[in-house]
Amino acid sequence: MDPSQIPLSLYVHIPWCVKKCPYCDFNSHEAKGGIPEREYVDALMADLAQERELAAGRRIATVFFGGGTPSLFKPDSIARILEGADALVPFASGAEVTLETNPGTVEHGRFDGYRDAGVNRISFGVQSFDDAALVRIGRIHGADEARDAVRQAQDAGIAEINLDLMYALPQQDEARALADVEAAVALAPTHVSHYQLTLEPNTLFAAKPPKLPDDDDAWAMQERAQAALAAAGYAQYEVSAYARGAAQCAHNLNYWRFGDYLGIGAGAHGKVTLADGAIRRSAKKMLPRSYLAGAASDERLGSESLVPHEQRPFEFMLNALRLNEGFSLALFEARTGLPRATIEAPLAGAIAQGHLALDRDRIVPTALGRRFLNDVIEGFLP
């Protein structure tokens with residue numbers, strides 16, 4: 001297990017939103033009374049300065065700004081973060097840099113400013129092109145705003161664009177779910193993320209659940225959407241991800257292949273393989289004010305732990321089995337530091353059930369396995 005051969009990414013968490021969505025369980029906070037933008041950028045740099053030794057000489061292959069709503073930060077602030085991070089842990093040539101963006105005009109700066117700052121991939125949280133559906137899920141933008149924002153980003157020369165869509169929304173039927181996909185395809189993004197709305201704990205929707213389509217209806221929506229995306233040239237490569245050509249999200253692929261990543265910002269998670277083969281997971285304090293107060297010291301940490309050997313197969317499968325291509329047994333050994341014999345028994349069981357297939361050195365989820373993926377992954381629990 002050679003940590004120097006494991007790709008390294010950087011995740012930057014911006015925790016503020018204009019309004020908290022009722023389905024959202026991410027670490028996000030409504031921006032009441034303004035955002036301490038300059039102070040937060042300084043804190044991010046202090047945080048990364050503490051983490052730089054964990055890079056162990058590796059370059060940053062991808063950067064992802066998530067939230068919250070990262071595009072609440074001005075292009076100048078995004079530029080400061082990228083310039084400062086590159087000075088601390090140098091970026092690889094041609095590094096993918098993604099900025100999550102909401103379509104509302106009050107929630108993002110000029111796209112040419114983000115492009116000049118170094119952003120080369122935009123991910124829009126569209127969710128739906130049905131205005132009534134957007135109201136029901138608490139979004140504050142409309143379908144026309146979303147279309148306009150995507151076109152502005154394209155006009156600014158940002159070629160790599162992802163659209164996030166949700167299905168199985170309150171009062172949604174198959175025709176409306178398909179119409180959302182068709183509206184997205186009409187904008188010609190390079191990537192579409194299409195995922196089911198689920199009721200997560202500690203959200204408003206969990207406390208006051210709306211009526212959602214049942215599992216059979218949701219499955220029908222997913223199948224119709226997959227067929228429509230395939231017909232439009234978007235190949236599914238992960239449970240919820242579809243890309244044209246080579247436009248797969250490199251940052252997320254690093255997660256799914258059990259790569260390493262530094263996480264900076266309030267509530268950001270990190271996973272790094274150490275020189276002795278230990279795998280360290282960490283999370284930063286979630287409340288922005290607590291994070292800001294401790295960003296230059298160990299006080300920034302909310303948690304820190306090592307992944308036990310017996311837990312590594314499950315954590316690897318939790319990521320790698322999301323990929324249509326599956327994984328090679330050599331990758332399992334390289335990323336977990338464990339011999340393939342460790343997973344012989346659960347692999348044999350999943351293959352016998354028709355959930356996984358063995359193709360030479362590669363383990364691939366079958367169509368049946370993808371439908372019952374959670375059950376397959378649970379088979380690798382210690």
# chains A, B, ... in the order shown; residues from 1 in each chain; ligands from 1
>>> closest_atom_pairs(of="region 41-73 of chain A", to="region 91-113 of chain A", cutoff="8 Å", atoms="only C-alpha atoms", output="tab-separated table")
residue	atom	partner	partner_atom	distance
A:Arg59	CA	A:Phe91	CA	5.2
A:Ile60	CA	A:Phe91	CA	4.4
A:Ala61	CA	A:Ala95	CA	5.2
A:Thr62	CA	A:Glu96	CA	4.7
A:Val63	CA	A:Val97	CA	4.7
A:Phe64	CA	A:Thr98	CA	4.8
A:Phe65	CA	A:Leu99	CA	4.9
A:Gly66	CA	A:Glu100	CA	5.6
A:Gly67	CA	A:Glu100	CA	7.4
A:Thr69	CA	A:Thr101	CA	6.3
A:Pro70	CA	A:Glu100	CA	6.0
A:Ser71	CA	A:His108	CA	4.6
A:Leu72	CA	A:Glu107	CA	5.0
A:Phe73	CA	A:His108	CA	7.4
>>> write_last_selection(atoms="N, CA and C atoms", output="CSV table (one decimal), in the first residue's frame")
chain,number,residue,atom,x,y,z
A,59,ARG,N,0.2,16.1,-5.4
A,59,ARG,CA,-0.5,17.3,-5.9
A,59,ARG,C,-2.0,17.1,-5.8
A,60,ILE,N,-2.8,18.2,-5.7
A,60,ILE,CA,-4.2,18.1,-5.7
A,60,ILE,C,-4.7,17.9,-7.1
A,61,ALA,N,-5.4,16.8,-7.3
A,61,ALA,CA,-5.9,16.4,-8.7
A,61,ALA,C,-7.3,17.1,-9.0
A,62,THR,N,-8.1,17.3,-8.0
A,62,THR,CA,-9.4,17.9,-8.2
A,62,THR,C,-9.8,18.8,-6.9
A,63,VAL,N,-10.6,19.8,-7.2
A,63,VAL,CA,-11.1,20.7,-6.1
A,63,VAL,C,-12.6,20.7,-6.3
A,64,PHE,N,-13.3,20.7,-5.1
A,64,PHE,CA,-14.8,20.8,-5.2
A,64,PHE,C,-15.2,21.7,-4.1
A,65,PHE,N,-15.9,22.8,-4.5
A,65,PHE,CA,-16.6,23.7,-3.6
A,65,PHE,C,-18.0,23.2,-3.4
A,66,GLY,N,-18.4,22.8,-2.2
A,66,GLY,CA,-19.7,22.3,-1.9
A,66,GLY,C,-20.3,23.1,-0.7
A,67,GLY,N,-21.6,22.8,-0.4
A,67,GLY,CA,-22.2,23.6,0.6
A,67,GLY,C,-23.5,23.0,1.1
A,69,THR,N,-24.2,27.0,-0.2
A,69,THR,CA,-24.2,27.6,-1.5
A,69,THR,C,-22.9,28.3,-1.7
A,70,PRO,N,-21.9,27.6,-2.3
A,70,PRO,CA,-20.6,28.2,-2.5
A,70,PRO,C,-20.6,29.5,-3.3
A,71,SER,N,-21.6,29.5,-4.2
A,71,SER,CA,-21.6,30.7,-5.1
A,71,SER,C,-22.2,31.9,-4.4
A,72,LEU,N,-22.5,31.9,-3.1
A,72,LEU,CA,-22.8,33.1,-2.4
A,72,LEU,C,-21.5,33.9,-2.2
A,73,PHE,N,-20.3,33.2,-2.3
A,73,PHE,CA,-19.0,33.9,-2.2
A,73,PHE,C,-18.7,34.5,-3.6
>>> residues_around(residues="His269 (chain A)", least_positions_apart="2", cutoff="10 Å", atoms="only C-alpha atoms", output="JSON, numbers by chain")
{"A": [11, 12, 13, 261, 262, 263, 264, 265, 266, 267, 271, 281, 282, 283, 284, 285, 301, 302, 303, 304]}
>>> atom_distance(atom1="CA of Ala227 (chain A)", atom2="CA of His141 (chain A)")
27.8 Å
>>> residues_around(residues="region 336-340 of chain A", least_positions_apart="6", cutoff="10 Å", atoms="only C-alpha atoms", output="PDB file with C-alpha atoms, in the first residue's frame")
ATOM      1  CA  MET A   1       0.000   0.000   0.000  1.00  0.00           C
ATOM      2  CA  ASP A   2       1.799   3.095  -1.266  1.00  0.00           C
ATOM      3  CA  PRO A   3       0.014   6.325  -0.227  1.00  0.00           C
ATOM      4  CA  PHE A 258     -11.619   5.138  -2.387  1.00  0.00           C
ATOM      5  CA  GLY A 259      -9.056   7.840  -3.102  1.00  0.00           C
ATOM      6  CA  THR A 273      -3.916   7.320   3.854  1.00  0.00           C
ATOM      7  CA  GLY A 277      -0.841   2.469   5.835  1.00  0.00           C
ATOM      8  CA  ALA A 278      -3.335   3.758   8.418  1.00  0.00           C
ATOM      9  CA  ILE A 279      -6.454   5.440   7.002  1.00  0.00           C
ATOM     10  CA  VAL A 307     -10.486   3.176  10.028  1.00  0.00           C
ATOM     11  CA  HIS A 309      -8.900  -3.066   9.157  1.00  0.00           C
ATOM     12  CA  GLU A 310     -12.157  -4.972   9.588  1.00  0.00           C
ATOM     13  CA  GLN A 311     -14.183  -1.899   8.546  1.00  0.00           C
ATOM     14  CA  ARG A 312     -12.224  -1.176   5.367  1.00  0.00           C
ATOM     15  CA  PRO A 313     -13.987  -3.687   3.039  1.00  0.00           C
ATOM     16  CA  GLU A 315     -16.166   1.405   3.402  1.00  0.00           C
ATOM     17  CA  PHE A 316     -14.528   0.488   0.094  1.00  0.00           C
ATOM     18  CA  LEU A 329      -9.359  -6.651  -7.058  1.00  0.00           C
ATOM     19  CA  ALA A 330      -5.957  -4.996  -7.487  1.00  0.00           C
ATOM     20  CA  LEU A 347     -17.956 -11.864  -2.774  1.00  0.00           C
TER      21      LEU A 347
END
>>> residues_around(residues="region 116-133 of chain A", least_positions_apart="4", cutoff="9 Å", atoms="only C-alpha atoms", output="MDAnalysis selection string")
chainID A and resid 75:80 82:83 95:103 111:112 137:139 141:144 146:147 149:150 153 157:167 169:172 176:177 179:181 183:184 191 194
>>> atom_distance(atom1="CA of Pro189 (chain A)", atom2="CA of Ala156 (chain A)")
14.0 Å
>>> select_by_dssp(residues="region 174-318 of chain A", states="strand (DSSP E or B)", output="PyMOL selection string")
chain A and resi 191-196+235-238+241-243+260-264+269-273+279-284+301-306
>>> write_last_selection(atoms="N, CA and C atoms", output="mmCIF file, in the first residue's frame")
data_model
loop_
_atom_site.group_PDB
_atom_site.id
_atom_site.type_symbol
_atom_site.label_atom_id
_atom_site.label_comp_id
_atom_site.auth_asym_id
_atom_site.auth_seq_id
_atom_site.Cartn_x
_atom_site.Cartn_y
_atom_site.Cartn_z
ATOM 1 N N HIS A 191 -23.049 16.875 -18.126
ATOM 2 C CA HIS A 191 -23.231 15.894 -17.061
ATOM 3 C C HIS A 191 -24.588 16.132 -16.400
ATOM 4 N N VAL A 192 -25.258 15.058 -16.017
ATOM 5 C CA VAL A 192 -26.523 15.154 -15.280
ATOM 6 C C VAL A 192 -26.431 14.233 -14.067
ATOM 7 N N SER A 193 -26.780 14.761 -12.895
ATOM 8 C CA SER A 193 -26.923 13.949 -11.688
ATOM 9 C C SER A 193 -28.413 13.825 -11.412
ATOM 10 N N HIS A 194 -28.899 12.593 -11.327
ATOM 11 C CA HIS A 194 -30.337 12.347 -11.231
ATOM 12 C C HIS A 194 -30.570 11.423 -10.047
ATOM 13 N N TYR A 195 -31.146 11.954 -8.977
ATOM 14 C CA TYR A 195 -31.248 11.161 -7.761
ATOM 15 C C TYR A 195 -32.618 11.323 -7.114
ATOM 16 N N GLN A 196 -32.970 10.310 -6.340
ATOM 17 C CA GLN A 196 -34.300 10.260 -5.729
ATOM 18 C C GLN A 196 -34.353 11.094 -4.461
ATOM 19 N N ALA A 235 -24.226 8.571 -20.793
ATOM 20 C CA ALA A 235 -23.974 7.220 -20.310
ATOM 21 C C ALA A 235 -23.960 7.205 -18.786
ATOM 22 N N GLN A 236 -24.707 6.280 -18.206
ATOM 23 C CA GLN A 236 -24.688 6.147 -16.749
ATOM 24 C C GLN A 236 -23.382 5.463 -16.346
ATOM 25 N N TYR A 237 -22.645 6.079 -15.423
ATOM 26 C CA TYR A 237 -21.414 5.464 -14.942
ATOM 27 C C TYR A 237 -21.419 5.240 -13.436
ATOM 28 N N GLU A 238 -22.439 5.768 -12.764
ATOM 29 C CA GLU A 238 -22.591 5.609 -11.322
ATOM 30 C C GLU A 238 -24.081 5.634 -11.018
ATOM 31 N N ALA A 241 -25.252 9.206 -11.669
ATOM 32 C CA ALA A 241 -24.435 10.109 -12.495
ATOM 33 C C ALA A 241 -24.407 9.664 -13.955
ATOM 34 N N TYR A 242 -24.577 10.649 -14.849
ATOM 35 C CA TYR A 242 -24.636 10.400 -16.293
ATOM 36 C C TYR A 242 -23.770 11.446 -16.997
ATOM 37 N N ALA A 243 -22.982 10.999 -17.961
ATOM 38 C CA ALA A 243 -22.065 11.937 -18.619
ATOM 39 C C ALA A 243 -22.025 11.710 -20.121
ATOM 40 N N ASP A 260 -8.009 9.543 -1.751
ATOM 41 C CA ASP A 260 -7.827 10.401 -0.579
ATOM 42 C C ASP A 260 -8.317 11.818 -0.872
ATOM 43 N N TYR A 261 -8.708 12.528 0.199
ATOM 44 C CA TYR A 261 -9.121 13.919 0.027
ATOM 45 C C TYR A 261 -8.960 14.669 1.342
ATOM 46 N N LEU A 262 -8.511 15.895 1.201
ATOM 47 C CA LEU A 262 -8.457 16.829 2.315
ATOM 48 C C LEU A 262 -9.775 17.590 2.334
ATOM 49 N N GLY A 263 -10.314 17.823 3.533
ATOM 50 C CA GLY A 263 -11.560 18.573 3.639
ATOM 51 C C GLY A 263 -11.356 19.782 4.522
ATOM 52 N N ILE A 264 -11.622 20.976 3.996
ATOM 53 C CA ILE A 264 -11.490 22.200 4.783
ATOM 54 C C ILE A 264 -12.820 22.943 4.791
ATOM 55 N N HIS A 269 -15.424 16.923 5.657
ATOM 56 C CA HIS A 269 -14.841 15.620 5.970
ATOM 57 C C HIS A 269 -13.595 15.384 5.128
ATOM 58 N N GLY A 270 -12.639 14.652 5.686
ATOM 59 C CA GLY A 270 -11.438 14.284 4.965
ATOM 60 C C GLY A 270 -11.109 12.819 5.184
ATOM 61 N N LYS A 271 -10.393 12.239 4.226
ATOM 62 C CA LYS A 271 -9.931 10.845 4.336
ATOM 63 C C LYS A 271 -8.539 10.782 3.701
ATOM 64 N N VAL A 272 -7.543 10.382 4.504
ATOM 65 C CA VAL A 272 -6.161 10.379 4.025
ATOM 66 C C VAL A 272 -5.468 9.093 4.469
ATOM 67 N N THR A 273 -4.731 8.492 3.544
ATOM 68 C CA THR A 273 -3.916 7.320 3.854
ATOM 69 C C THR A 273 -2.542 7.792 4.317
ATOM 70 N N ILE A 279 -5.519 4.575 7.711
ATOM 71 C CA ILE A 279 -6.454 5.440 7.002
ATOM 72 C C ILE A 279 -7.133 6.338 8.024
ATOM 73 N N ARG A 280 -6.912 7.650 7.893
ATOM 74 C CA ARG A 280 -7.414 8.631 8.848
ATOM 75 C C ARG A 280 -8.632 9.336 8.284
ATOM 76 N N ARG A 281 -9.706 9.336 9.055
ATOM 77 C CA ARG A 281 -10.885 10.121 8.706
ATOM 78 C C ARG A 281 -11.021 11.257 9.704
ATOM 79 N N SER A 282 -11.480 12.404 9.208
ATOM 80 C CA SER A 282 -11.646 13.561 10.083
ATOM 81 C C SER A 282 -12.850 14.371 9.634
ATOM 82 N N ALA A 283 -13.366 15.157 10.563
ATOM 83 C CA ALA A 283 -14.442 16.097 10.251
ATOM 84 C C ALA A 283 -14.196 17.363 11.050
ATOM 85 N N LYS A 284 -14.455 18.500 10.433
ATOM 86 C CA LYS A 284 -14.266 19.777 11.089
ATOM 87 C C LYS A 284 -15.535 20.167 11.861
ATOM 88 N N LEU A 301 -11.075 20.681 14.669
ATOM 89 C CA LEU A 301 -11.514 19.308 14.460
ATOM 90 C C LEU A 301 -12.753 18.985 15.293
ATOM 91 N N GLY A 302 -13.752 18.431 14.628
ATOM 92 C CA GLY A 302 -14.908 17.923 15.340
ATOM 93 C C GLY A 302 -14.730 16.465 15.702
ATOM 94 N N SER A 303 -14.039 15.727 14.831
ATOM 95 C CA SER A 303 -13.742 14.324 15.091
ATOM 96 C C SER A 303 -12.531 13.895 14.276
ATOM 97 N N GLU A 304 -11.876 12.844 14.741
ATOM 98 C CA GLU A 304 -10.704 12.294 14.057
ATOM 99 C C GLU A 304 -10.572 10.837 14.487
ATOM 100 N N SER A 305 -10.403 9.937 13.530
ATOM 101 C CA SER A 305 -10.292 8.520 13.869
ATOM 102 C C SER A 305 -9.573 7.766 12.764
ATOM 103 N N LEU A 306 -9.109 6.559 13.094
ATOM 104 C CA LEU A 306 -8.505 5.663 12.116
ATOM 105 C C LEU A 306 -9.516 4.578 11.761
#
>>> atom_distance(atom1="CA of Leu321 (chain A)", atom2="CA of Pro365 (chain A)")
6.6 Å
>>> residues_around(residues="region 216-224 of chain A", least_positions_apart="2", cutoff="6 Å", atoms="only C-alpha atoms", output="MDAnalysis selection string")
chainID A and resid 168 174 213:214 226:227
>>> write_last_selection(atoms="N, CA and C atoms", output="compact mmCIF listing (two decimals), in the first residue's frame")
# COMPACT_ATOMS: atom_id res chain seq x y z
N ALA A 168 -39.15 11.62 -7.90
CA ALA A 168 -40.01 11.15 -6.81
C ALA A 168 -40.29 12.29 -5.84
N GLU A 174 -44.86 10.14 -13.36
CA GLU A 174 -43.83 9.71 -14.31
C GLU A 174 -43.64 10.74 -15.43
N PRO A 213 -44.21 9.73 -4.07
CA PRO A 213 -44.54 8.54 -4.86
C PRO A 213 -44.02 7.28 -4.18
N ASP A 214 -44.74 6.16 -4.36
CA ASP A 214 -44.29 4.92 -3.72
C ASP A 214 -43.08 4.35 -4.46
N GLN A 226 -33.51 7.05 -17.11
CA GLN A 226 -32.29 6.42 -17.61
C GLN A 226 -32.36 6.20 -19.12
N ALA A 227 -33.52 5.73 -19.60
CA ALA A 227 -33.68 5.50 -21.03
C ALA A 227 -33.59 6.80 -21.81
